[in-house]
$ cat start_25.cif   # mmCIF, C-alpha atoms (C1' of nucleotides)
data_work
#
loop_
_atom_site.label_atom_id
_atom_site.label_comp_id
_atom_site.auth_asym_id
_atom_site.auth_seq_id
_atom_site.Cartn_x
_atom_site.Cartn_y
_atom_site.Cartn_z
CA MET A 447 69.23 117.73 -40.11
CA LEU A 448 71.73 117.01 -37.43
CA ARG A 449 73.03 120.50 -37.38
CA LEU A 450 74.71 122.52 -34.69
CA THR A 451 72.86 125.69 -33.79
CA LYS A 452 74.39 128.99 -34.75
CA LYS A 453 74.82 129.72 -31.10
CA ALA A 454 77.01 126.69 -30.69
CA ASP A 455 78.96 127.75 -33.76
CA TYR A 456 79.41 131.21 -32.34
CA GLY A 457 80.49 129.77 -29.05
CA LEU A 458 83.12 127.60 -30.65
CA MET A 459 84.36 130.49 -32.74
CA ALA A 460 84.61 132.70 -29.71
CA LEU A 461 86.52 130.12 -27.75
CA LYS A 462 88.85 129.60 -30.62
CA TYR A 463 89.42 133.32 -30.79
CA LEU A 464 90.13 133.49 -27.10
CA ALA A 465 92.53 130.61 -27.42
CA GLU A 466 94.38 132.42 -30.16
CA HIS A 467 94.67 135.51 -28.03
CA ALA A 468 95.45 133.71 -24.82
CA GLY A 469 98.32 136.03 -23.95
CA GLU A 470 96.42 139.28 -24.08
CA PRO A 471 94.59 140.57 -20.99
CA SER A 472 90.97 139.88 -21.74
CA LEU A 473 88.69 140.35 -24.70
CA SER A 474 85.22 141.75 -24.47
CA ALA A 475 82.18 140.20 -26.10
CA LYS A 476 82.14 143.21 -28.36
CA ASP A 477 85.69 142.62 -29.53
CA ILE A 478 84.97 139.05 -30.49
CA ALA A 479 81.62 139.87 -32.04
CA GLU A 480 83.25 142.46 -34.24
CA ALA A 481 86.00 140.11 -35.30
CA TYR A 482 83.45 137.60 -36.56
CA HIS A 483 80.55 139.88 -37.41
CA ILE A 484 78.29 138.23 -34.89
CA PRO A 485 75.43 140.17 -33.23
CA PRO A 486 77.18 141.48 -30.11
CA GLN A 487 74.29 141.03 -27.73
CA LEU A 488 73.74 137.51 -28.84
CA LEU A 489 77.37 136.62 -28.39
CA ALA A 490 77.28 138.26 -24.98
CA LYS A 491 74.53 135.88 -23.98
CA ILE A 492 76.48 132.93 -25.20
CA LEU A 493 79.62 133.94 -23.38
CA GLN A 494 77.67 134.46 -20.20
CA LYS A 495 76.36 130.95 -20.46
CA LEU A 496 79.81 129.56 -21.05
CA THR A 497 81.00 131.44 -18.01
CA ARG A 498 78.25 130.00 -15.87
CA GLU A 499 79.25 126.55 -17.06
CA GLY A 500 82.80 127.21 -16.01
CA LEU A 501 84.44 127.26 -19.42
CA LEU A 502 85.25 130.94 -19.31
CA ARG A 503 86.34 133.42 -16.71
CA SER A 504 84.70 136.82 -16.87
CA HIS A 505 85.77 140.19 -15.66
CA ALA A 506 83.23 142.99 -15.45
CA GLY A 507 83.87 146.67 -15.68
CA MET A 508 86.14 148.69 -17.83
CA ASN A 509 88.71 146.76 -19.77
CA GLY A 510 86.82 143.70 -18.66
CA GLY A 511 86.04 140.73 -20.83
CA TYR A 512 86.51 137.01 -21.03
CA SER A 513 89.30 134.52 -21.00
CA LEU A 514 89.49 130.76 -21.08
CA SER A 515 89.26 129.19 -17.68
CA ARG A 516 91.43 126.31 -18.80
CA ASP A 517 93.97 125.56 -21.48
CA ALA A 518 92.47 125.21 -24.95
CA LYS A 519 93.68 121.61 -24.93
CA GLU A 520 91.49 120.89 -21.94
CA ILE A 521 88.23 122.17 -23.39
CA SER A 522 86.29 119.91 -25.70
CA ALA A 523 83.83 120.90 -28.39
CA PHE A 524 81.35 118.68 -26.63
CA GLU A 525 81.47 120.77 -23.46
CA VAL A 526 80.87 123.93 -25.42
CA ILE A 527 77.97 122.52 -27.36
CA ARG A 528 76.36 121.04 -24.32
CA ALA A 529 76.78 124.24 -22.36
CA ILE A 530 75.04 126.20 -25.07
CA ASP A 531 72.51 123.82 -26.54
CA GLY A 532 71.96 121.47 -23.66
CA PRO A 533 72.38 117.71 -23.70
CA LEU A 534 72.97 116.10 -27.03
CA PHE A 535 70.49 113.54 -28.23
CA ILE A 536 70.36 112.39 -31.76
CA THR A 537 66.86 111.00 -31.54
CA SER A 538 63.91 113.21 -30.80
CA CYS A 539 62.63 110.41 -28.60
CA THR A 540 65.16 110.53 -25.85
CA THR A 541 64.83 114.13 -24.84
CA GLY A 542 66.01 113.16 -21.42
CA THR A 543 62.90 114.31 -19.63
CA SER A 544 60.03 112.33 -21.04
CA THR A 545 60.42 108.92 -22.48
CA CYS A 546 59.30 108.43 -26.02
CA ASP A 547 55.59 109.07 -26.28
CA LEU A 548 55.51 106.40 -28.92
CA THR A 549 55.95 104.24 -25.84
CA ALA A 550 56.95 100.70 -26.52
CA SER A 551 56.72 101.20 -30.24
CA CYS A 552 59.90 103.19 -30.75
CA THR A 553 62.36 100.36 -30.87
CA ILE A 554 64.73 102.36 -32.94
CA LYS A 555 66.01 104.50 -30.16
CA GLU A 556 68.22 101.95 -28.53
CA PRO A 557 70.46 101.19 -31.49
CA LEU A 558 70.65 104.87 -32.34
CA ALA A 559 71.71 105.62 -28.81
CA ARG A 560 74.95 103.88 -29.65
CA VAL A 561 75.48 106.12 -32.63
CA ASN A 562 74.76 109.00 -30.33
CA GLU A 563 77.40 107.81 -27.92
CA SER A 564 79.93 107.64 -30.69
CA ILE A 565 79.21 111.17 -31.77
CA VAL A 566 79.56 112.41 -28.24
CA GLU A 567 82.86 110.62 -27.98
CA LEU A 568 83.91 112.21 -31.23
CA LEU A 569 83.13 115.67 -29.96
CA ARG A 570 84.74 114.95 -26.64
CA ASN A 571 87.95 114.18 -28.46
CA THR A 572 87.78 117.40 -30.40
CA ARG A 573 89.40 120.12 -28.37
CA ILE A 574 89.39 123.85 -28.85
CA SER A 575 93.07 123.58 -29.58
CA ASP A 576 92.19 121.34 -32.52
CA LEU A 577 90.28 124.20 -34.05
CA LEU A 578 93.31 126.43 -34.19
CA ASP A 579 95.03 126.92 -37.47
CA HIS A 580 97.74 124.33 -37.71
CA SER A 581 98.98 125.36 -41.12
CA GLY A 582 102.74 125.44 -40.91
CA ARG A 583 102.91 122.76 -38.31
CA GLU A 584 103.82 119.24 -39.16
CA GLU A 585 102.15 117.25 -36.45
CA ALA A 586 99.28 114.82 -36.94
CA PRO A 587 96.76 117.12 -38.49
CA PRO A 588 94.21 115.42 -40.67
CA GLU A 589 92.58 112.38 -39.12
CA LEU A 590 90.96 113.26 -35.87
CA VAL A 591 89.47 109.86 -35.51
CA THR A 592 89.40 106.59 -37.26
CA ILE A 593 86.34 104.51 -37.37
CA ALA A 594 86.39 100.78 -37.49
CA SER A 595 83.16 99.16 -38.43
CA VAL A 596 82.45 95.95 -36.62
CA SER A 597 78.92 95.00 -37.58
CA MET B 519 71.10 120.37 -30.74
CA LEU B 520 72.32 117.91 -33.25
CA ARG B 521 69.05 116.11 -33.38
CA LEU B 522 67.43 114.03 -36.07
CA THR B 523 64.10 115.36 -37.22
CA LYS B 524 61.00 113.43 -36.32
CA LYS B 525 60.52 112.72 -39.98
CA ALA B 526 63.85 110.97 -40.12
CA ASP B 527 62.93 109.04 -37.02
CA TYR B 528 59.64 108.03 -38.54
CA GLY B 529 61.39 107.01 -41.72
CA LEU B 530 63.82 104.81 -39.87
CA MET B 531 61.05 103.28 -37.84
CA ALA B 532 59.05 102.54 -40.95
CA LEU B 533 61.97 100.93 -42.69
CA LYS B 534 62.69 98.86 -39.65
CA TYR B 535 59.09 97.76 -39.60
CA LEU B 536 59.18 96.86 -43.25
CA ALA B 537 62.38 94.92 -42.67
CA GLU B 538 60.72 92.96 -39.91
CA HIS B 539 57.80 92.11 -42.14
CA ALA B 540 59.85 91.44 -45.21
CA GLY B 541 58.06 88.21 -45.99
CA GLU B 542 54.54 89.58 -46.09
CA PRO B 543 53.15 91.05 -49.32
CA SER B 544 53.29 94.79 -48.74
CA LEU B 545 52.33 97.11 -45.97
CA SER B 546 50.45 100.33 -46.47
CA ALA B 547 51.45 103.64 -44.99
CA LYS B 548 48.36 103.38 -42.85
CA ASP B 549 49.40 100.01 -41.45
CA ILE B 550 52.77 101.32 -40.38
CA ALA B 551 51.40 104.58 -39.08
CA GLU B 552 48.97 102.70 -36.89
CA ALA B 553 51.63 100.39 -35.59
CA TYR B 554 53.69 103.32 -34.36
CA HIS B 555 51.00 105.92 -33.77
CA ILE B 556 52.40 108.26 -36.37
CA PRO B 557 50.17 110.70 -38.26
CA PRO B 558 49.28 108.64 -41.34
CA GLN B 559 49.43 111.44 -43.86
CA LEU B 560 52.79 112.55 -42.62
CA LEU B 561 54.18 109.08 -42.83
CA ALA B 562 52.73 108.76 -46.30
CA LYS B 563 54.73 111.78 -47.35
CA ILE B 564 57.88 110.33 -45.90
CA LEU B 565 57.41 106.98 -47.58
CA GLN B 566 56.78 108.70 -50.88
CA LYS B 567 60.05 110.50 -50.54
CA LEU B 568 61.88 107.32 -49.71
CA THR B 569 60.32 105.73 -52.74
CA ARG B 570 61.46 108.55 -54.98
CA GLU B 571 64.95 108.13 -53.60
CA GLY B 572 64.86 104.48 -54.47
CA LEU B 573 64.90 103.02 -51.00
CA LEU B 574 61.37 101.68 -51.20
CA ARG B 575 59.19 100.12 -53.81
CA SER B 576 55.61 101.25 -53.86
CA HIS B 577 52.53 99.60 -55.13
CA ALA B 578 49.31 101.52 -55.55
CA GLY B 579 45.81 100.20 -55.47
CA MET B 580 44.04 97.78 -53.26
CA ASN B 581 46.33 95.74 -51.05
CA GLY B 582 49.06 98.05 -52.18
CA GLY B 583 51.75 99.49 -50.00
CA TYR B 584 55.49 99.62 -49.64
CA SER B 585 58.35 97.22 -49.42
CA LEU B 586 62.10 97.58 -49.17
CA SER B 587 63.77 97.88 -52.54
CA ARG B 588 66.87 96.19 -51.17
CA ASP B 589 67.84 93.94 -48.34
CA ALA B 590 67.81 95.65 -44.94
CA LYS B 591 71.52 94.97 -44.75
CA GLU B 592 72.07 97.09 -47.82
CA ILE B 593 70.28 100.20 -46.61
CA SER B 594 72.11 102.54 -44.31
CA ALA B 595 70.67 104.95 -41.80
CA PHE B 596 72.57 107.64 -43.61
CA GLU B 597 70.69 107.08 -46.85
CA VAL B 598 67.39 107.30 -45.06
CA ILE B 599 68.27 110.46 -43.22
CA ARG B 600 69.65 112.12 -46.29
CA ALA B 601 66.63 111.16 -48.36
CA ILE B 602 64.31 112.73 -45.82
CA ASP B 603 66.25 115.65 -44.40
CA GLY B 604 68.64 116.40 -47.20
CA PRO B 605 72.41 116.54 -46.97
CA LEU B 606 73.92 116.33 -43.54
CA PHE B 607 76.04 119.21 -42.34
CA ILE B 608 76.96 119.67 -38.76
CA THR B 609 77.84 123.33 -39.11
CA SER B 610 75.27 125.91 -40.07
CA CYS B 611 77.95 127.48 -42.20
CA THR B 612 78.32 124.83 -44.81
CA THR B 613 74.77 124.62 -45.99
CA GLY B 614 76.06 123.41 -49.28
CA THR B 615 74.54 126.20 -51.29
CA SER B 616 75.96 129.42 -49.95
CA THR B 617 79.34 129.61 -48.37
CA CYS B 618 79.51 130.95 -44.88
CA ASP B 619 78.36 134.56 -44.81
CA LEU B 620 80.88 135.11 -42.09
CA THR B 621 83.24 134.84 -45.03
CA ALA B 622 86.83 134.40 -44.14
CA SER B 623 86.11 134.73 -40.47
CA CYS B 624 84.59 131.32 -39.88
CA THR B 625 87.75 129.31 -39.50
CA ILE B 626 86.01 126.77 -37.42
CA LYS B 627 84.22 125.07 -40.21
CA GLU B 628 87.14 123.19 -41.62
CA PRO B 629 88.06 121.19 -38.54
CA LEU B 630 84.42 120.52 -37.84
CA ALA B 631 83.99 119.22 -41.34
CA ARG B 632 86.13 116.32 -40.28
CA VAL B 633 83.86 115.59 -37.37
CA ASN B 634 81.02 115.78 -39.82
CA GLU B 635 82.70 113.23 -42.05
CA SER B 636 83.09 110.88 -39.15
CA ILE B 637 79.45 111.13 -38.26
CA VAL B 638 78.43 110.43 -41.82
CA GLU B 639 80.69 107.42 -41.84
CA LEU B 640 79.12 106.31 -38.60
CA LEU B 641 75.65 106.50 -40.06
CA ARG B 642 76.76 104.86 -43.25
CA ASN B 643 77.89 101.89 -41.24
CA THR B 644 74.60 101.68 -39.46
CA ARG B 645 72.22 99.58 -41.50
CA ILE B 646 68.52 99.08 -41.16
CA SER B 647 69.29 95.50 -40.24
CA ASP B 648 71.23 96.82 -37.26
CA LEU B 649 68.06 98.36 -35.94
CA LEU B 650 66.28 95.06 -35.76
CA ASP B 651 65.95 93.38 -32.45
CA HIS B 652 68.95 91.13 -32.02
CA SER B 653 68.03 89.83 -28.62
CA GLY B 654 68.63 86.10 -28.69
CA ARG B 655 71.44 86.31 -31.20
CA GLU B 656 75.02 85.98 -30.16
CA GLU B 657 76.82 87.85 -32.87
CA ALA B 658 78.74 91.06 -32.46
CA PRO B 659 76.04 93.27 -31.08
CA PRO B 660 77.19 96.16 -28.94
CA GLU B 661 80.04 98.16 -30.38
CA LEU B 662 79.15 99.57 -33.73
CA VAL B 663 82.31 101.55 -33.97
CA THR B 664 85.42 102.18 -32.06
CA ILE B 665 87.01 105.52 -32.02
CA ALA B 666 90.69 106.08 -31.73
CA SER B 667 91.71 109.59 -30.92
CA VAL B 668 94.83 110.76 -32.65
CA SER B 669 95.14 114.44 -31.82
"C1'" DT C 1009 81.19 160.18 -11.58
"C1'" DG C 1010 80.91 158.20 -15.96
"C1'" DA C 1011 82.57 155.25 -19.55
"C1'" DA C 1012 83.02 150.50 -20.70
"C1'" DC C 1013 82.15 146.37 -19.32
"C1'" DT C 1014 79.34 141.90 -17.66
"C1'" DC C 1015 74.78 139.84 -16.18
"C1'" DA C 1016 70.11 138.52 -16.76
"C1'" DG C 1017 65.39 138.19 -18.04
"C1'" DA C 1018 61.61 139.30 -21.02
"C1'" DC C 1019 60.41 139.97 -25.42
"C1'" DT C 1020 59.90 139.77 -30.69
"C1'" DA C 1021 61.16 138.03 -35.17
"C1'" DA C 1022 62.58 134.61 -38.21
"C1'" DT C 1023 63.17 130.08 -39.55
"C1'" DT C 1024 62.40 125.36 -39.45
"C1'" DT C 1025 59.70 121.34 -38.54
"C1'" DA C 1026 55.34 119.01 -38.00
"C1'" DG C 1027 51.15 118.08 -39.48
"C1'" DT C 1028 46.69 118.78 -42.35
"C1'" DC C 1029 43.81 119.28 -46.44
"C1'" DC C 1030 42.57 118.53 -50.86
"C1'" DT C 1031 42.77 116.67 -55.33
"C1'" DA C 1032 44.61 113.55 -58.74
"C1'" DT C 1033 46.04 109.20 -60.23
"C1'" DA C 1034 46.94 104.10 -60.08
"C1'" DC C 1035 45.64 99.48 -59.25
"C1'" DT C 1036 42.57 95.54 -57.77
"C1'" DC C 1037 38.82 92.87 -57.52
"C1'" DA C 1038 34.12 91.71 -57.61
"C1'" DT D 946 33.44 98.76 -65.41
"C1'" DG D 947 33.09 100.99 -61.28
"C1'" DA D 948 33.63 101.06 -56.28
"C1'" DG D 949 37.13 100.85 -53.00
"C1'" DT D 950 41.74 101.28 -51.46
"C1'" DA D 951 46.00 102.73 -52.17
"C1'" DT D 952 49.97 105.99 -53.61
"C1'" DA D 953 51.38 110.90 -55.34
"C1'" DG D 954 51.97 115.47 -54.54
"C1'" DG D 955 51.19 120.42 -53.92
"C1'" DA D 956 49.46 124.06 -50.92
"C1'" DC D 957 48.57 125.30 -46.68
"C1'" DT D 958 48.42 126.01 -41.41
"C1'" DA D 959 50.20 125.22 -36.87
"C1'" DA D 960 53.65 124.44 -33.64
"C1'" DA D 961 58.14 124.56 -32.02
"C1'" DT D 962 62.66 126.01 -32.06
"C1'" DT D 963 66.27 129.28 -32.90
"C1'" DA D 964 67.97 133.89 -33.56
"C1'" DG D 965 68.22 138.22 -32.24
"C1'" DT D 966 66.68 142.69 -29.62
"C1'" DC D 967 65.55 145.60 -25.77
"C1'" DT D 968 65.86 147.13 -21.24
"C1'" DG D 969 67.66 147.59 -16.85
"C1'" DA D 970 70.37 146.28 -13.76
"C1'" DG D 971 75.40 145.48 -11.08
"C1'" DT D 972 81.00 146.10 -11.62
"C1'" DT D 973 85.23 148.05 -12.31
"C1'" DC D 974 88.42 151.47 -13.00
"C1'" DA D 975 90.38 155.81 -14.19
#

$ encode --input "start_25.cif" --output "structure tokens"
Amino acid sequence: MLRLTKKADYGLMALKYLAEHAGEPSLSAKDIAEAYHIPPQLLAKILQKLTREGLLRSHAGMNGGYSLSRDAKEISAFEVIRAIDGPLFITSCTTGTSTCDLTASCTIKEPLARVNESIVELLRNTRISDLLDHSGREEAPPELVTIASVS
Amino acid sequence: MLRLTKKADYGLMALKYLAEHAGEPSLSAKDIAEAYHIPPQLLAKILQKLTREGLLRSHAGMNGGYSLSRDAKEISAFEVIRAIDGPLFITSCTTGTSTCDLTASCTIKEPLARVNESIVELLRNTRISDLLDHSGREEAPPELVTIASVS
DNA sequence: TGAACTCAGACTAATTTAGTCCTATACTCA
DNA sequence: TGAGTATAGGACTAAATTAGTCTGAGTTCA
């Protein structure tokens, strides 16, 4: 159904939370999990993955935790989703590894690949900073993107 | 992983096939299934659904089958996907029925809803006719949409 | 040292998606 | 009219994916 996994959701939420608390030393997986009522161990896994992918910086030990490795403006939703869920393909054909087992028959994949591209671009242009609550600010809030049909 | 279900893929493929053979009387589920090596009974189910949703016209009995209820230009990929997979929500929060069980906490959903909107728009602008093989035609083929970041 | 963390892999449970089976009904044509 | 070919649709099973748990490490710091 073209849905993000919960893990990706959690990941985005966590990054948003970290962005909001950028000043503070570092927040543990437990802290964030409690704030959002997410299973702590699951979130821990997610944050570990994001760390491995270079989106977060981790600090073990007491008073340890995570912090953004870059400014929230420099981290895109796409990076987060890809780090957690792997590469993004809209069609079940193009799983990256094997080519469509419907061999030559699946002629649909190519035009949909363009839609895929557009979605990726969309997510690339959505930054963690865009997820922050802008209420009370008067800068360009609503339209993230405009789409011009050509067809 | 933001992936279309196979059913949606199959549906799109079938509609494309029907569009290509628009002249001919009507093609049975079996015909199409064979052409693409799709499980016939599964495809039958899908076509039935598309018929119920008004995208196809069915005809039972000998030499029966399906045909597009409208011109391929008038059927969008979005309609097909929604007919098969149900409403399209990028976030697992907004499942339509229940609001996010992470109650107030999930503040991520609103900005992502806009991304969602854009994707829907994207799919709405993608018609079955766009899936047809345009090789040999010289009209506006490649860019379906252009995206202008605002942020 | 021990409390509070991260790290990582194996494992189980739950949910979703894919596909099958079976029966009923509709239409066509000889 | 009845045999053959099709759609219609519900119930069911199987497979795959996603979600979440458990366990046992290695770190850091007071």

$ atom_distance --input "start_25.cif" --atom1 "CA of Tyr456 (chain A)" --atom2 "CA of Ala481 (chain A)"
11.5 Å

$ closest_atom_pairs --input "start_25.cif" --of "chain D" --to "chain B" --cutoff "8 Å" --atoms "all atoms listed in the file" --output "tab-separated table"
residue	atom	partner	partner_atom	distance
D:DG949	C1'	B:Met580	CA	7.6
D:DT950	C1'	B:Met580	CA	4.6
D:DA951	C1'	B:Gly579	CA	4.2
D:DT952	C1'	B:Ala578	CA	4.9
D:DA953	C1'	B:Gln566	CA	7.3

$ interface_residues --input "start_25.cif" --of "chain C" --to "chain B" --cutoff "7 Å" --atoms "all atoms listed in the file" --output "count of residues only"
4

$ resolve_selection --input "start_25.cif" --expression "the PyMOL selection byres ((chain D and resi 975) around 10)" --output "number ranges by chain"
A: 508; C: 1010-1011; D: 973-974

$ residues_around --input "start_25.cif" --residues "DA959 (chain D)" --least-positions-apart "2" --cutoff "10 Å" --atoms "all atoms listed in the file" --output "PyMOL selection string"
(chain C and resi 1026-1028) or (chain D and resi 957+961)

$ resolve_selection --input "start_25.cif" --expression "the PyMOL selection byres ((chain B and resi 587-600) around 8)" --output "list in words"
Met447 of chain A; Ala526, Gly529, Leu530, Ala537, Leu568, Gly572, Leu573, Leu574, Arg575, Ser585, Leu586, Ala601, Ile602, Asp603, Gly604, Pro605, Leu606, Val638, Leu641, Arg642, Asn643, Thr644, Arg645, Ile646, Ser647 and Asp648 of chain B

$ closest_residue --input "start_25.cif" --among "B:Leu561, B:Leu522, B:Ala532, B:Ala631" --to "chain A" --atoms "only C-alpha atoms"
B:Leu522

$ atom_distance --input "start_25.cif" --atom1 "CA of His483 (chain A)" --atom2 "C1' of DC1019 (chain C)"
23.4 Å

$ resolve_selection --input "start_25.cif" --expression "the PyMOL selection byres ((chain C and resi 1031) around 10)" --output "number ranges by chain"
C: 1029-1030, 1032-1033; D: 954-955

$ atom_distance --input "start_25.cif" --atom1 "C1' of DC1013 (chain C)" --atom2 "CA of Ile626 (chain B)"
27.0 Å

$ decode --input "start_25.cif" --residues "chain C" --atoms "C-alpha atoms (C1' of nucleotides)" --output "PDB file, in the first residue's frame"
ATOM      1  C1'  DT C1009      32.998  -2.066  40.803  1.00  0.00           C
ATOM      2  C1'  DG C1010      28.492  -1.343  39.292  1.00  0.00           C
ATOM      3  C1'  DA C1011      24.953   1.394  37.190  1.00  0.00           C
ATOM      4  C1'  DA C1012      23.531   3.102  32.822  1.00  0.00           C
ATOM      5  C1'  DC C1013      24.468   3.102  28.476  1.00  0.00           C
ATOM      6  C1'  DT C1014      25.380   1.266  23.338  1.00  0.00           C
ATOM      7  C1'  DC C1015      26.046  -2.803  20.145  1.00  0.00           C
ATOM      8  C1'  DA C1016      24.718  -6.923  17.855  1.00  0.00           C
ATOM      9  C1'  DG C1017      22.769 -11.236  16.595  1.00  0.00           C
ATOM     10  C1'  DA C1018      19.383 -14.794  17.119  1.00  0.00           C
ATOM     11  C1'  DC C1019      14.925 -15.583  17.963  1.00  0.00           C
ATOM     12  C1'  DT C1020       9.628 -15.402  18.207  1.00  0.00           C
ATOM     13  C1'  DA C1021       5.256 -13.244  17.284  1.00  0.00           C
ATOM     14  C1'  DA C1022       2.192 -10.695  14.611  1.00  0.00           C
ATOM     15  C1'  DT C1023       0.613  -8.876  10.507  1.00  0.00           C
ATOM     16  C1'  DT C1024       0.256  -8.491   5.750  1.00  0.00           C
ATOM     17  C1'  DT C1025       0.474 -10.240   1.154  1.00  0.00           C
ATOM     18  C1'  DA C1026       0.227 -13.947  -2.156  1.00  0.00           C
ATOM     19  C1'  DG C1027      -1.892 -17.580  -3.858  1.00  0.00           C
ATOM     20  C1'  DT C1028      -5.298 -21.702  -3.900  1.00  0.00           C
ATOM     21  C1'  DC C1029      -9.703 -24.112  -3.645  1.00  0.00           C
ATOM     22  C1'  DC C1030     -14.291 -24.604  -4.185  1.00  0.00           C
ATOM     23  C1'  DT C1031     -18.820 -23.432  -5.470  1.00  0.00           C
ATOM     24  C1'  DA C1032     -22.155 -20.515  -7.707  1.00  0.00           C
ATOM     25  C1'  DT C1033     -23.753 -17.915 -11.433  1.00  0.00           C
ATOM     26  C1'  DA C1034     -23.855 -15.833 -16.185  1.00  0.00           C
ATOM     27  C1'  DC C1035     -23.570 -16.074 -21.034  1.00  0.00           C
ATOM     28  C1'  DT C1036     -22.824 -18.259 -25.711  1.00  0.00           C
ATOM     29  C1'  DC C1037     -23.303 -21.266 -29.173  1.00  0.00           C
ATOM     30  C1'  DA C1038     -24.139 -25.499 -31.357  1.00  0.00           C
TER      31       DA C1038
END
